[in-house]
Amino acid sequence: MQHDHAEPSGPPADELRIVNPATEELITTVPVTTPQEVDAAVTRAVAAQKAWAALAPADRARLLRRFATAVDGHIEELAVLEVREAGHPLGNACWEAGNVRDLLDYAAGGVERLTGTQIPVADGVDITFAEPLGVVAVIAPWNFPMPIAAWGTAPALAAGNAVLLKPAEATPLTALRLAELALEAGLPEGLFQVLPGEGPVTGTALVEHPRVAKVVFTGSTAVGKRIMARCAAFVKRVTLELGGKSPNIVFADADLEAAAAAAPGSFLDNTGQDCCARSRILVQREVHDRFLELLEPAVRAVRVGNPADSTTDMGPLVSARQLERVRGYVPEDAPALIRGSVPDGPGYWYPATVLAGTPGERTAVEEIFGPVAVVLPFEDEDEAVALANDTEYGLSGSVWTRDGARALRVARGVAAGNLSVNSHSSVRYHTPFGGYKQSGLGRELGPDALAAFTETKNVFISTEPGTEADQ
């Protein structure tokens, strides 16, 4: 997953220029957060967190549900902001805003279930407490600005922490609006702050601040490694959700019509800017040609155009920089098995593209992060698993087969954190999400999400006669 948290190439900017990817028009500018302002924000967060953690769990949960209600009342407004700054189709953007609402509700339900344990020991009672870390920094990406920001923010708040959210440089508008809604819902001042800015300046100031207890980063593997190294200097906790090059494995016994119909959505959703995109389509050789015959009309049926139009399926890439990245992998005149079309005129458009893949080549193993898939044939189950694992990533993947035992064998054999069978659904707010290998570290979402934002404190109480407790 890409993120513009690169090393600086020039003097820091004073403001972020927010551009509509579909029109290339300037929407607005947003002031950047300086390192000094980061320090002041941390100070405010430390004070707010102490008061927040002291609240009764039921009161914290009630305020988070009010926040969810406030988001629910502004779904359309948030979606329109997402369309303008990220180029997402309107339907997708409405779902994303709804996901923030649902995740806040889900996290609120975990506040009163964040319990410790009683452990049998000799000569006393031993109990544990799940205590908040303090201040958490969430560095969010531009590909799903609202949902992924909420993945870290909602459980961190629910567990009693304060959150400092740094949105991606290209997409800060929805995050800023969410912070306003949090205040309107009654969350304390300083508890949830949004700090727009460049990764090398604002992001680095957050990562290296000694009073930030944990960093949650979603972005590229290269940047994730740098953040992890910087956190190591402080022995600081980190959750990393990084890149992906996920396989879509289609066996000869699969429902080929269903597999082909579902494939375009698996690598064209969000214009391929999705760490879970099934951008490697592995097809058993005996049905390879038939699958491509079915895939072509399905790809061409994807409606590309104005993201503000409710009938649009695929919008533009997020930026000129991302467009050049995709072109660097696949020039628009490169030979392709299938190529879609894009609108004329301004905008960062790239057509849906399906390539014939060769094992080990760049397009088959590296994350392109655009609307591009490669098709690779395989002979048998063993080769399918070997091809699926032939990448440094291990985030997601799909298996299409009517053989239930095979589906389970292959799903267990693929080194990835999130697999689906006869489906491409791999992300739900109530199930764990994260990657193997260089796709990341730790897990987000699911019933254990709050625990990742706590320290375990162990307390032993002696019950031996003669102790002060018996005096």
# chains A, B, ... in the order shown; residues from 1 in each chain; ligands from 1

call {"tool": "residues_around", "arguments": {"residues": "Lys214 in chain A", "least_positions_apart": "6", "cutoff": "6 Å", "atoms": "only C-alpha atoms", "output": "list in words"}}
result
Val136, Lys236, Arg237 and Val238 of chain A

call {"tool": "residues_around", "arguments": {"residues": "range 418-434 of chain A", "least_positions_apart": "3", "cutoff": "7 Å", "atoms": "only C-alpha atoms", "output": "ChimeraX atom specification"}}
result
/A:103,241,266,395-401,407,411,440,442-447

call {"tool": "closest_residue", "arguments": {"among": "A:Pro377, A:Pro145, A:Gly109, A:Gly272", "to": "Val250 in chain A", "atoms": "only C-alpha atoms"}}
result
A:Pro377

call {"tool": "select_by_dssp", "arguments": {"residues": "range 341-461 of chain A", "states": "strand (DSSP E)", "output": "ChimeraX atom specification"}}
result
/A:353-356,372-378,393-394,396-400,418-421,436-437,440-441,454-461

call {"tool": "atom_distance", "arguments": {"atom1": "CA of Val194 in chain A", "atom2": "CA of Pro172 in chain A"}}
result
8.5 Å

call {"tool": "residues_around", "arguments": {"residues": "Asn306 in chain A", "least_positions_apart": "5", "cutoff": "9 Å", "atoms": "only C-alpha atoms", "output": "PDB file with all heavy atoms, in the first residue's frame"}}
result
ATOM      1  N   ALA A  22     -10.080  13.842 -10.475  1.00  0.00           N
ATOM      2  CA  ALA A  22     -10.855  13.674 -11.699  1.00  0.00           C
ATOM      3  C   ALA A  22     -10.763  14.876 -12.627  1.00  0.00           C
ATOM      4  O   ALA A  22     -10.981  14.751 -13.835  1.00  0.00           O
ATOM      5  CB  ALA A  22     -12.323  13.394 -11.360  1.00  0.00           C
ATOM      6  N   GLY A  87     -11.153  10.969  -5.344  1.00  0.00           N
ATOM      7  CA  GLY A  87     -11.631  10.435  -6.619  1.00  0.00           C
ATOM      8  C   GLY A  87     -12.397   9.137  -6.502  1.00  0.00           C
ATOM      9  O   GLY A  87     -12.567   8.422  -7.489  1.00  0.00           O
ATOM     10  N   PRO A  89     -15.574   6.681  -6.350  1.00  0.00           N
ATOM     11  CA  PRO A  89     -16.977   6.725  -6.761  1.00  0.00           C
ATOM     12  C   PRO A  89     -17.889   6.979  -5.567  1.00  0.00           C
ATOM     13  O   PRO A  89     -17.600   6.531  -4.441  1.00  0.00           O
ATOM     14  CB  PRO A  89     -17.210   5.328  -7.360  1.00  0.00           C
ATOM     15  CG  PRO A  89     -15.857   4.894  -7.822  1.00  0.00           C
ATOM     16  CD  PRO A  89     -14.900   5.458  -6.809  1.00  0.00           C
ATOM     17  N   THR A 311     -23.559   6.114 -10.924  1.00  0.00           N
ATOM     18  CA  THR A 311     -23.451   4.903 -11.741  1.00  0.00           C
ATOM     19  C   THR A 311     -22.004   4.518 -12.039  1.00  0.00           C
ATOM     20  O   THR A 311     -21.757   3.487 -12.652  1.00  0.00           O
ATOM     21  CB  THR A 311     -24.188   5.086 -13.082  1.00  0.00           C
ATOM     22  OG1 THR A 311     -23.539   6.105 -13.848  1.00  0.00           O
ATOM     23  CG2 THR A 311     -25.637   5.463 -12.863  1.00  0.00           C
ATOM     24  N   THR A 312     -21.042   5.313 -11.607  1.00  0.00           N
ATOM     25  CA  THR A 312     -19.631   5.042 -11.894  1.00  0.00           C
ATOM     26  C   THR A 312     -19.106   3.913 -11.011  1.00  0.00           C
ATOM     27  O   THR A 312     -19.355   3.871  -9.809  1.00  0.00           O
ATOM     28  CB  THR A 312     -18.789   6.313 -11.670  1.00  0.00           C
ATOM     29  OG1 THR A 312     -19.158   7.278 -12.640  1.00  0.00           O
ATOM     30  CG2 THR A 312     -17.299   6.019 -11.784  1.00  0.00           C
ATOM     31  N   MET A 314     -15.566   2.928 -11.439  1.00  0.00           N
ATOM     32  CA  MET A 314     -14.131   3.162 -11.239  1.00  0.00           C
ATOM     33  C   MET A 314     -13.789   4.595 -11.600  1.00  0.00           C
ATOM     34  O   MET A 314     -14.182   5.086 -12.660  1.00  0.00           O
ATOM     35  CB  MET A 314     -13.301   2.193 -12.087  1.00  0.00           C
ATOM     36  CG  MET A 314     -11.813   2.235 -11.809  1.00  0.00           C
ATOM     37  SD  MET A 314     -10.895   0.966 -12.727  1.00  0.00           S
ATOM     38  CE  MET A 314     -10.227   1.932 -14.087  1.00  0.00           C
ATOM     39  N   GLY A 315     -13.082   5.274 -10.706  1.00  0.00           N
ATOM     40  CA  GLY A 315     -12.667   6.651 -10.931  1.00  0.00           C
ATOM     41  C   GLY A 315     -11.208   6.748 -11.319  1.00  0.00           C
ATOM     42  O   GLY A 315     -10.597   5.766 -11.751  1.00  0.00           O
ATOM     43  N   PRO A 316     -10.604   7.913 -11.135  1.00  0.00           N
ATOM     44  CA  PRO A 316      -9.201   8.110 -11.486  1.00  0.00           C
ATOM     45  C   PRO A 316      -8.273   7.604 -10.388  1.00  0.00           C
ATOM     46  O   PRO A 316      -8.709   7.282  -9.278  1.00  0.00           O
ATOM     47  CB  PRO A 316      -9.097   9.625 -11.617  1.00  0.00           C
ATOM     48  CG  PRO A 316     -10.089  10.136 -10.611  1.00  0.00           C
ATOM     49  CD  PRO A 316     -11.233   9.149 -10.642  1.00  0.00           C
ATOM     50  N   PRO A 343     -11.969   8.162 -19.753  1.00  0.00           N
ATOM     51  CA  PRO A 343     -12.465   9.400 -20.353  1.00  0.00           C
ATOM     52  C   PRO A 343     -11.338  10.241 -20.953  1.00  0.00           C
ATOM     53  O   PRO A 343     -10.179  10.163 -20.536  1.00  0.00           O
ATOM     54  CB  PRO A 343     -13.099  10.134 -19.152  1.00  0.00           C
ATOM     55  CG  PRO A 343     -13.296   9.096 -18.111  1.00  0.00           C
ATOM     56  CD  PRO A 343     -12.230   8.092 -18.314  1.00  0.00           C
TER      57      PRO A 343
END

call {"tool": "residues_around", "arguments": {"residues": "Ala298 in chain A", "least_positions_apart": "2", "cutoff": "8 Å", "atoms": "only C-alpha atoms", "output": "PyMOL selection string"}}
result
chain A and resi 260-261+264+294-296+300-302

call {"tool": "residues_around", "arguments": {"residues": "Ala336 in chain A", "least_positions_apart": "2", "cutoff": "6 Å", "atoms": "only C-alpha atoms", "output": "PDB file with all heavy atoms, in the first residue's frame"}}
result
ATOM      1  N   ILE A 338      -6.208  -7.738 -22.080  1.00  0.00           N
ATOM      2  CA  ILE A 338      -7.461  -6.979 -22.007  1.00  0.00           C
ATOM      3  C   ILE A 338      -7.109  -5.553 -21.610  1.00  0.00           C
ATOM      4  O   ILE A 338      -6.288  -5.333 -20.717  1.00  0.00           O
ATOM      5  CB  ILE A 338      -8.427  -7.576 -20.954  1.00  0.00           C
ATOM      6  CG1 ILE A 338      -8.708  -9.062 -21.228  1.00  0.00           C
ATOM      7  CG2 ILE A 338      -9.732  -6.781 -20.914  1.00  0.00           C
ATOM      8  CD1 ILE A 338      -9.425  -9.769 -20.080  1.00  0.00           C
ATOM      9  N   VAL A 354      -5.244  -6.032 -18.160  1.00  0.00           N
ATOM     10  CA  VAL A 354      -4.912  -7.402 -17.786  1.00  0.00           C
ATOM     11  C   VAL A 354      -3.753  -7.858 -18.660  1.00  0.00           C
ATOM     12  O   VAL A 354      -3.834  -7.799 -19.892  1.00  0.00           O
ATOM     13  CB  VAL A 354      -6.118  -8.351 -17.951  1.00  0.00           C
ATOM     14  CG1 VAL A 354      -5.721  -9.782 -17.590  1.00  0.00           C
ATOM     15  CG2 VAL A 354      -7.288  -7.886 -17.080  1.00  0.00           C
ATOM     16  N   LEU A 355      -2.662  -8.293 -18.026  1.00  0.00           N
ATOM     17  CA  LEU A 355      -1.447  -8.698 -18.723  1.00  0.00           C
ATOM     18  C   LEU A 355      -1.232 -10.196 -18.616  1.00  0.00           C
ATOM     19  O   LEU A 355      -1.676 -10.829 -17.648  1.00  0.00           O
ATOM     20  CB  LEU A 355      -0.232  -7.991 -18.112  1.00  0.00           C
ATOM     21  CG  LEU A 355      -0.278  -6.474 -17.995  1.00  0.00           C
ATOM     22  CD1 LEU A 355       0.921  -5.990 -17.179  1.00  0.00           C
ATOM     23  CD2 LEU A 355      -0.292  -5.832 -19.377  1.00  0.00           C
TER      24      LEU A 355
END

call {"tool": "residues_around", "arguments": {"residues": "Gly413 in chain A", "least_positions_apart": "2", "cutoff": "10 Å", "atoms": "only C-alpha atoms", "output": "PDB file with all heavy atoms, in the first residue's frame"}}
result
ATOM      1  N   GLU A 381      -2.269 -28.191  -7.783  1.00  0.00           N
ATOM      2  CA  GLU A 381      -2.422 -27.503  -6.507  1.00  0.00           C
ATOM      3  C   GLU A 381      -1.086 -27.044  -5.942  1.00  0.00           C
ATOM      4  O   GLU A 381      -0.967 -25.916  -5.430  1.00  0.00           O
ATOM      5  CB  GLU A 381      -3.115 -28.457  -5.528  1.00  0.00           C
ATOM      6  CG  GLU A 381      -3.576 -27.839  -4.241  1.00  0.00           C
ATOM      7  CD  GLU A 381      -4.357 -28.838  -3.394  1.00  0.00           C
ATOM      8  OE1 GLU A 381      -5.307 -29.460  -3.909  1.00  0.00           O
ATOM      9  OE2 GLU A 381      -3.998 -28.980  -2.206  1.00  0.00           O
ATOM     10  N   ASP A 382      -0.066 -27.895  -6.012  1.00  0.00           N
ATOM     11  CA  ASP A 382       1.232 -27.540  -5.466  1.00  0.00           C
ATOM     12  C   ASP A 382       1.817 -26.320  -6.176  1.00  0.00           C
ATOM     13  O   ASP A 382       2.375 -25.418  -5.532  1.00  0.00           O
ATOM     14  CB  ASP A 382       2.205 -28.714  -5.577  1.00  0.00           C
ATOM     15  CG  ASP A 382       1.880 -29.837  -4.596  1.00  0.00           C
ATOM     16  OD1 ASP A 382       1.131 -29.584  -3.631  1.00  0.00           O
ATOM     17  OD2 ASP A 382       2.369 -30.955  -4.810  1.00  0.00           O
ATOM     18  N   ALA A 384       0.117 -24.031  -7.738  1.00  0.00           N
ATOM     19  CA  ALA A 384      -0.711 -22.860  -7.402  1.00  0.00           C
ATOM     20  C   ALA A 384      -0.247 -22.234  -6.096  1.00  0.00           C
ATOM     21  O   ALA A 384      -0.101 -21.004  -5.991  1.00  0.00           O
ATOM     22  CB  ALA A 384      -2.178 -23.271  -7.306  1.00  0.00           C
ATOM     23  N   VAL A 385       0.002 -23.051  -5.087  1.00  0.00           N
ATOM     24  CA  VAL A 385       0.451 -22.529  -3.794  1.00  0.00           C
ATOM     25  C   VAL A 385       1.841 -21.910  -3.922  1.00  0.00           C
ATOM     26  O   VAL A 385       2.117 -20.842  -3.360  1.00  0.00           O
ATOM     27  CB  VAL A 385       0.431 -23.638  -2.729  1.00  0.00           C
ATOM     28  CG1 VAL A 385       1.086 -23.162  -1.430  1.00  0.00           C
ATOM     29  CG2 VAL A 385      -1.003 -24.090  -2.460  1.00  0.00           C
ATOM     30  N   ALA A 386       2.724 -22.561  -4.688  1.00  0.00           N
ATOM     31  CA  ALA A 386       4.073 -22.024  -4.867  1.00  0.00           C
ATOM     32  C   ALA A 386       4.037 -20.659  -5.561  1.00  0.00           C
ATOM     33  O   ALA A 386       4.741 -19.728  -5.159  1.00  0.00           O
ATOM     34  CB  ALA A 386       4.922 -23.009  -5.665  1.00  0.00           C
ATOM     35  N   ALA A 388       1.477 -18.590  -5.603  1.00  0.00           N
ATOM     36  CA  ALA A 388       0.822 -17.643  -4.694  1.00  0.00           C
ATOM     37  C   ALA A 388       1.816 -17.081  -3.681  1.00  0.00           C
ATOM     38  O   ALA A 388       1.743 -15.905  -3.306  1.00  0.00           O
ATOM     39  CB  ALA A 388      -0.339 -18.312  -3.979  1.00  0.00           C
ATOM     40  N   ASN A 389       2.764 -17.907  -3.254  1.00  0.00           N
ATOM     41  CA  ASN A 389       3.724 -17.494  -2.237  1.00  0.00           C
ATOM     42  C   ASN A 389       4.991 -16.868  -2.820  1.00  0.00           C
ATOM     43  O   ASN A 389       5.890 -16.477  -2.070  1.00  0.00           O
ATOM     44  CB  ASN A 389       4.098 -18.688  -1.355  1.00  0.00           C
ATOM     45  CG  ASN A 389       2.944 -19.134  -0.467  1.00  0.00           C
ATOM     46  OD1 ASN A 389       2.068 -18.332  -0.128  1.00  0.00           O
ATOM     47  ND2 ASN A 389       2.924 -20.403  -0.105  1.00  0.00           N
ATOM     48  N   ALA A 407     -10.058 -26.325  -0.970  1.00  0.00           N
ATOM     49  CA  ALA A 407     -10.123 -24.920  -0.576  1.00  0.00           C
ATOM     50  C   ALA A 407      -9.415 -24.705   0.756  1.00  0.00           C
ATOM     51  O   ALA A 407      -8.640 -23.751   0.924  1.00  0.00           O
ATOM     52  CB  ALA A 407     -11.576 -24.473  -0.485  1.00  0.00           C
ATOM     53  N   LEU A 408      -9.655 -25.607   1.709  1.00  0.00           N
ATOM     54  CA  LEU A 408      -9.039 -25.462   3.019  1.00  0.00           C
ATOM     55  C   LEU A 408      -7.540 -25.716   2.951  1.00  0.00           C
ATOM     56  O   LEU A 408      -6.742 -24.990   3.563  1.00  0.00           O
ATOM     57  CB  LEU A 408      -9.706 -26.409   4.018  1.00  0.00           C
ATOM     58  CG  LEU A 408      -9.313 -26.229   5.488  1.00  0.00           C
ATOM     59  CD1 LEU A 408      -9.547 -24.801   5.948  1.00  0.00           C
ATOM     60  CD2 LEU A 408     -10.088 -27.198   6.364  1.00  0.00           C
ATOM     61  N   ARG A 409      -7.134 -26.739   2.182  1.00  0.00           N
ATOM     62  CA  ARG A 409      -5.697 -27.021   2.048  1.00  0.00           C
ATOM     63  C   ARG A 409      -4.950 -25.830   1.454  1.00  0.00           C
ATOM     64  O   ARG A 409      -3.895 -25.415   1.940  1.00  0.00           O
ATOM     65  CB  ARG A 409      -5.469 -28.247   1.147  1.00  0.00           C
ATOM     66  CG  ARG A 409      -5.734 -29.584   1.765  1.00  0.00           C
ATOM     67  CD  ARG A 409      -5.148 -30.708   0.917  1.00  0.00           C
ATOM     68  NE  ARG A 409      -5.572 -30.670  -0.477  1.00  0.00           N
ATOM     69  CZ  ARG A 409      -6.663 -31.275  -0.966  1.00  0.00           C
ATOM     70  NH1 ARG A 409      -7.457 -31.939  -0.138  1.00  0.00           N
ATOM     71  NH2 ARG A 409      -6.963 -31.208  -2.244  1.00  0.00           N
ATOM     72  N   VAL A 410      -5.495 -25.279   0.394  1.00  0.00           N
ATOM     73  CA  VAL A 410      -4.817 -24.176  -0.290  1.00  0.00           C
ATOM     74  C   VAL A 410      -4.819 -22.927   0.583  1.00  0.00           C
ATOM     75  O   VAL A 410      -3.810 -22.214   0.687  1.00  0.00           O
ATOM     76  CB  VAL A 410      -5.468 -23.906  -1.661  1.00  0.00           C
ATOM     77  CG1 VAL A 410      -4.876 -22.661  -2.315  1.00  0.00           C
ATOM     78  CG2 VAL A 410      -5.272 -25.109  -2.576  1.00  0.00           C
ATOM     79  N   ALA A 411      -5.948 -22.652   1.237  1.00  0.00           N
ATOM     80  CA  ALA A 411      -6.008 -21.491   2.117  1.00  0.00           C
ATOM     81  C   ALA A 411      -4.980 -21.602   3.239  1.00  0.00           C
ATOM     82  O   ALA A 411      -4.341 -20.604   3.615  1.00  0.00           O
ATOM     83  CB  ALA A 411      -7.408 -21.329   2.700  1.00  0.00           C
ATOM     84  N   ALA A 415       0.677 -18.259   2.316  1.00  0.00           N
ATOM     85  CA  ALA A 415       1.225 -17.477   3.431  1.00  0.00           C
ATOM     86  C   ALA A 415       0.657 -16.064   3.385  1.00  0.00           C
ATOM     87  O   ALA A 415       1.283 -15.128   2.879  1.00  0.00           O
ATOM     88  CB  ALA A 415       2.745 -17.445   3.361  1.00  0.00           C
ATOM     89  N   ALA A 416      -0.560 -15.911   3.868  1.00  0.00           N
ATOM     90  CA  ALA A 416      -1.233 -14.612   3.882  1.00  0.00           C
ATOM     91  C   ALA A 416      -2.160 -14.548   5.086  1.00  0.00           C
ATOM     92  O   ALA A 416      -2.620 -15.585   5.585  1.00  0.00           O
ATOM     93  CB  ALA A 416      -2.013 -14.393   2.590  1.00  0.00           C
TER      94      ALA A 416
END

call {"tool": "residues_around", "arguments": {"residues": "range 113-119 of chain A", "least_positions_apart": "6", "cutoff": "8 Å", "atoms": "only C-alpha atoms", "output": "PyMOL selection string"}}
result
chain A and resi 125-130+159+450-451

call {"tool": "closest_atom_pairs", "arguments": {"of": "range 108-162 of chain A", "to": "range 179-188 of chain A", "cutoff": "12 Å", "atoms": "only C-alpha atoms", "output": "tab-separated table"}}
result
residue	atom	partner	partner_atom	distance
A:Met146	CA	A:Ala179	CA	11.5
A:Ala149	CA	A:Ala179	CA	11.3
A:Ala150	CA	A:Ala179	CA	11.3
A:Thr153	CA	A:Ala179	CA	10.9
A:Ala154	CA	A:Ala182	CA	11.2
A:Leu157	CA	A:Leu187	CA	10.0
A:Ala158	CA	A:Leu187	CA	11.6
A:Asn161	CA	A:Pro188	CA	11.9
A:Ala162	CA	A:Pro188	CA	9.8

call {"tool": "write_last_selection", "arguments": {"atoms": "N, CA and C atoms", "output": "PDB file, in the first residue's frame"}}
result
ATOM      1  N   MET A 146     -10.898   7.479   5.125  1.00  0.00           N
ATOM      2  CA  MET A 146     -11.772   7.409   6.297  1.00  0.00           C
ATOM      3  C   MET A 146     -11.715   6.064   7.016  1.00  0.00           C
ATOM      4  N   ALA A 149      -8.275   5.261   8.773  1.00  0.00           N
ATOM      5  CA  ALA A 149      -8.068   6.142   9.923  1.00  0.00           C
ATOM      6  C   ALA A 149      -8.853   5.643  11.128  1.00  0.00           C
ATOM      7  N   ALA A 150     -10.071   5.182  10.874  1.00  0.00           N
ATOM      8  CA  ALA A 150     -10.916   4.687  11.970  1.00  0.00           C
ATOM      9  C   ALA A 150     -10.438   3.354  12.515  1.00  0.00           C
ATOM     10  N   THR A 153      -8.045   4.575  15.100  1.00  0.00           N
ATOM     11  CA  THR A 153      -8.590   5.576  16.026  1.00  0.00           C
ATOM     12  C   THR A 153      -9.669   5.006  16.941  1.00  0.00           C
ATOM     13  N   ALA A 154     -10.631   4.280  16.387  1.00  0.00           N
ATOM     14  CA  ALA A 154     -11.771   3.832  17.194  1.00  0.00           C
ATOM     15  C   ALA A 154     -11.350   2.903  18.334  1.00  0.00           C
ATOM     16  N   LEU A 157      -9.228   4.875  21.053  1.00  0.00           N
ATOM     17  CA  LEU A 157     -10.066   5.688  21.930  1.00  0.00           C
ATOM     18  C   LEU A 157     -10.861   4.813  22.901  1.00  0.00           C
ATOM     19  N   ALA A 158     -11.416   3.739  22.388  1.00  0.00           N
ATOM     20  CA  ALA A 158     -12.230   2.863  23.236  1.00  0.00           C
ATOM     21  C   ALA A 158     -11.415   2.282  24.383  1.00  0.00           C
ATOM     22  N   ASN A 161      -7.219   5.615  25.275  1.00  0.00           N
ATOM     23  CA  ASN A 161      -6.089   6.407  24.804  1.00  0.00           C
ATOM     24  C   ASN A 161      -6.551   7.706  24.148  1.00  0.00           C
ATOM     25  N   ALA A 162      -5.621   8.646  23.978  1.00  0.00           N
ATOM     26  CA  ALA A 162      -5.811   9.790  23.094  1.00  0.00           C
ATOM     27  C   ALA A 162      -5.209   9.449  21.745  1.00  0.00           C
TER      28      ALA A 162
END

call {"tool": "closest_residue", "arguments": {"among": "A:Cys275, A:Ile368, A:Ala47, A:Ala252", "to": "Gly219 in chain A", "atoms": "only C-alpha atoms"}}
result
A:Cys275

call {"tool": "closest_residue", "arguments": {"among": "A:Ala137, A:His88, A:Ala68, A:Arg60", "to": "Glu112 in chain A", "atoms": "only C-alpha atoms"}}
result
A:Arg60

call {"tool": "select_by_dssp", "arguments": {"residues": "range 246-446 of chain A", "states": "alpha helix (DSSP H)", "output": "PyMOL selection string"}}
result
chain A and resi 256-268+288-300+320-329+362-365+381-388+404-413

call {"tool": "closest_residue", "arguments": {"among": "A:Ser246, A:Thr463, A:Thr358, A:Thr353", "to": "Tyr436 in chain A", "atoms": "only C-alpha atoms"}}
result
A:Ser246

call {"tool": "closest_residue", "arguments": {"among": "A:Glu286, A:Glu131, A:Asp59, A:Glu257", "to": "Thr456 in chain A", "atoms": "only C-alpha atoms"}}
result
A:Glu131

call {"tool": "atom_distance", "arguments": {"atom1": "CA of Pro200 in chain A", "atom2": "CA of Ile227 in chain A"}}
result
10.4 Å

call {"tool": "closest_residue", "arguments": {"among": "A:Val326, A:Pro359, A:Gly347, A:Glu169", "to": "Glu25 in chain A", "atoms": "only C-alpha atoms"}}
result
A:Gly347

call {"tool": "decode", "arguments": {"residues": "range 241-252 of chain A", "atoms": "N, CA and C atoms", "output": "PDB file, in the first residue's frame"}}
result
ATOM      1  N   GLU A 241       0.491  -1.913   8.660  1.00  0.00           N
ATOM      2  CA  GLU A 241      -0.293  -2.564   7.601  1.00  0.00           C
ATOM      3  C   GLU A 241       0.287  -2.040   6.296  1.00  0.00           C
ATOM      4  N   LEU A 242       0.994  -2.923   5.577  1.00  0.00           N
ATOM      5  CA  LEU A 242       1.838  -2.478   4.473  1.00  0.00           C
ATOM      6  C   LEU A 242       1.336  -2.998   3.132  1.00  0.00           C
ATOM      7  N   GLY A 243       2.224  -3.369   2.242  1.00  0.00           N
ATOM      8  CA  GLY A 243       1.838  -3.682   0.876  1.00  0.00           C
ATOM      9  C   GLY A 243       1.221  -5.048   0.697  1.00  0.00           C
ATOM     10  N   GLY A 244       0.772  -5.296  -0.523  1.00  0.00           N
ATOM     11  CA  GLY A 244       0.200  -6.587  -0.869  1.00  0.00           C
ATOM     12  C   GLY A 244       0.324  -6.869  -2.354  1.00  0.00           C
ATOM     13  N   LYS A 245       0.321  -8.125  -2.690  1.00  0.00           N
ATOM     14  CA  LYS A 245       0.289  -8.590  -4.092  1.00  0.00           C
ATOM     15  C   LYS A 245      -0.483  -9.894  -4.086  1.00  0.00           C
ATOM     16  N   SER A 246      -1.766  -9.762  -3.846  1.00  0.00           N
ATOM     17  CA  SER A 246      -2.574 -10.917  -3.457  1.00  0.00           C
ATOM     18  C   SER A 246      -3.003 -11.768  -4.647  1.00  0.00           C
ATOM     19  N   PRO A 247      -3.016 -13.102  -4.461  1.00  0.00           N
ATOM     20  CA  PRO A 247      -3.412 -14.013  -5.533  1.00  0.00           C
ATOM     21  C   PRO A 247      -4.912 -14.283  -5.556  1.00  0.00           C
ATOM     22  N   ASN A 248      -5.419 -14.499  -6.746  1.00  0.00           N
ATOM     23  CA  ASN A 248      -6.783 -14.967  -6.976  1.00  0.00           C
ATOM     24  C   ASN A 248      -6.632 -16.300  -7.694  1.00  0.00           C
ATOM     25  N   ILE A 249      -6.778 -17.413  -6.965  1.00  0.00           N
ATOM     26  CA  ILE A 249      -6.460 -18.749  -7.478  1.00  0.00           C
ATOM     27  C   ILE A 249      -7.738 -19.407  -7.985  1.00  0.00           C
ATOM     28  N   VAL A 250      -7.782 -19.691  -9.276  1.00  0.00           N
ATOM     29  CA  VAL A 250      -8.985 -20.260  -9.907  1.00  0.00           C
ATOM     30  C   VAL A 250      -8.665 -21.673 -10.398  1.00  0.00           C
ATOM     31  N   PHE A 251      -9.294 -22.664  -9.768  1.00  0.00           N
ATOM     32  CA  PHE A 251      -9.100 -24.055 -10.169  1.00  0.00           C
ATOM     33  C   PHE A 251     -10.091 -24.440 -11.266  1.00  0.00           C
ATOM     34  N   ALA A 252      -9.773 -25.503 -11.978  1.00  0.00           N
ATOM     35  CA  ALA A 252     -10.585 -25.924 -13.122  1.00  0.00           C
ATOM     36  C   ALA A 252     -11.989 -26.317 -12.704  1.00  0.00           C
TER      37      ALA A 252
END
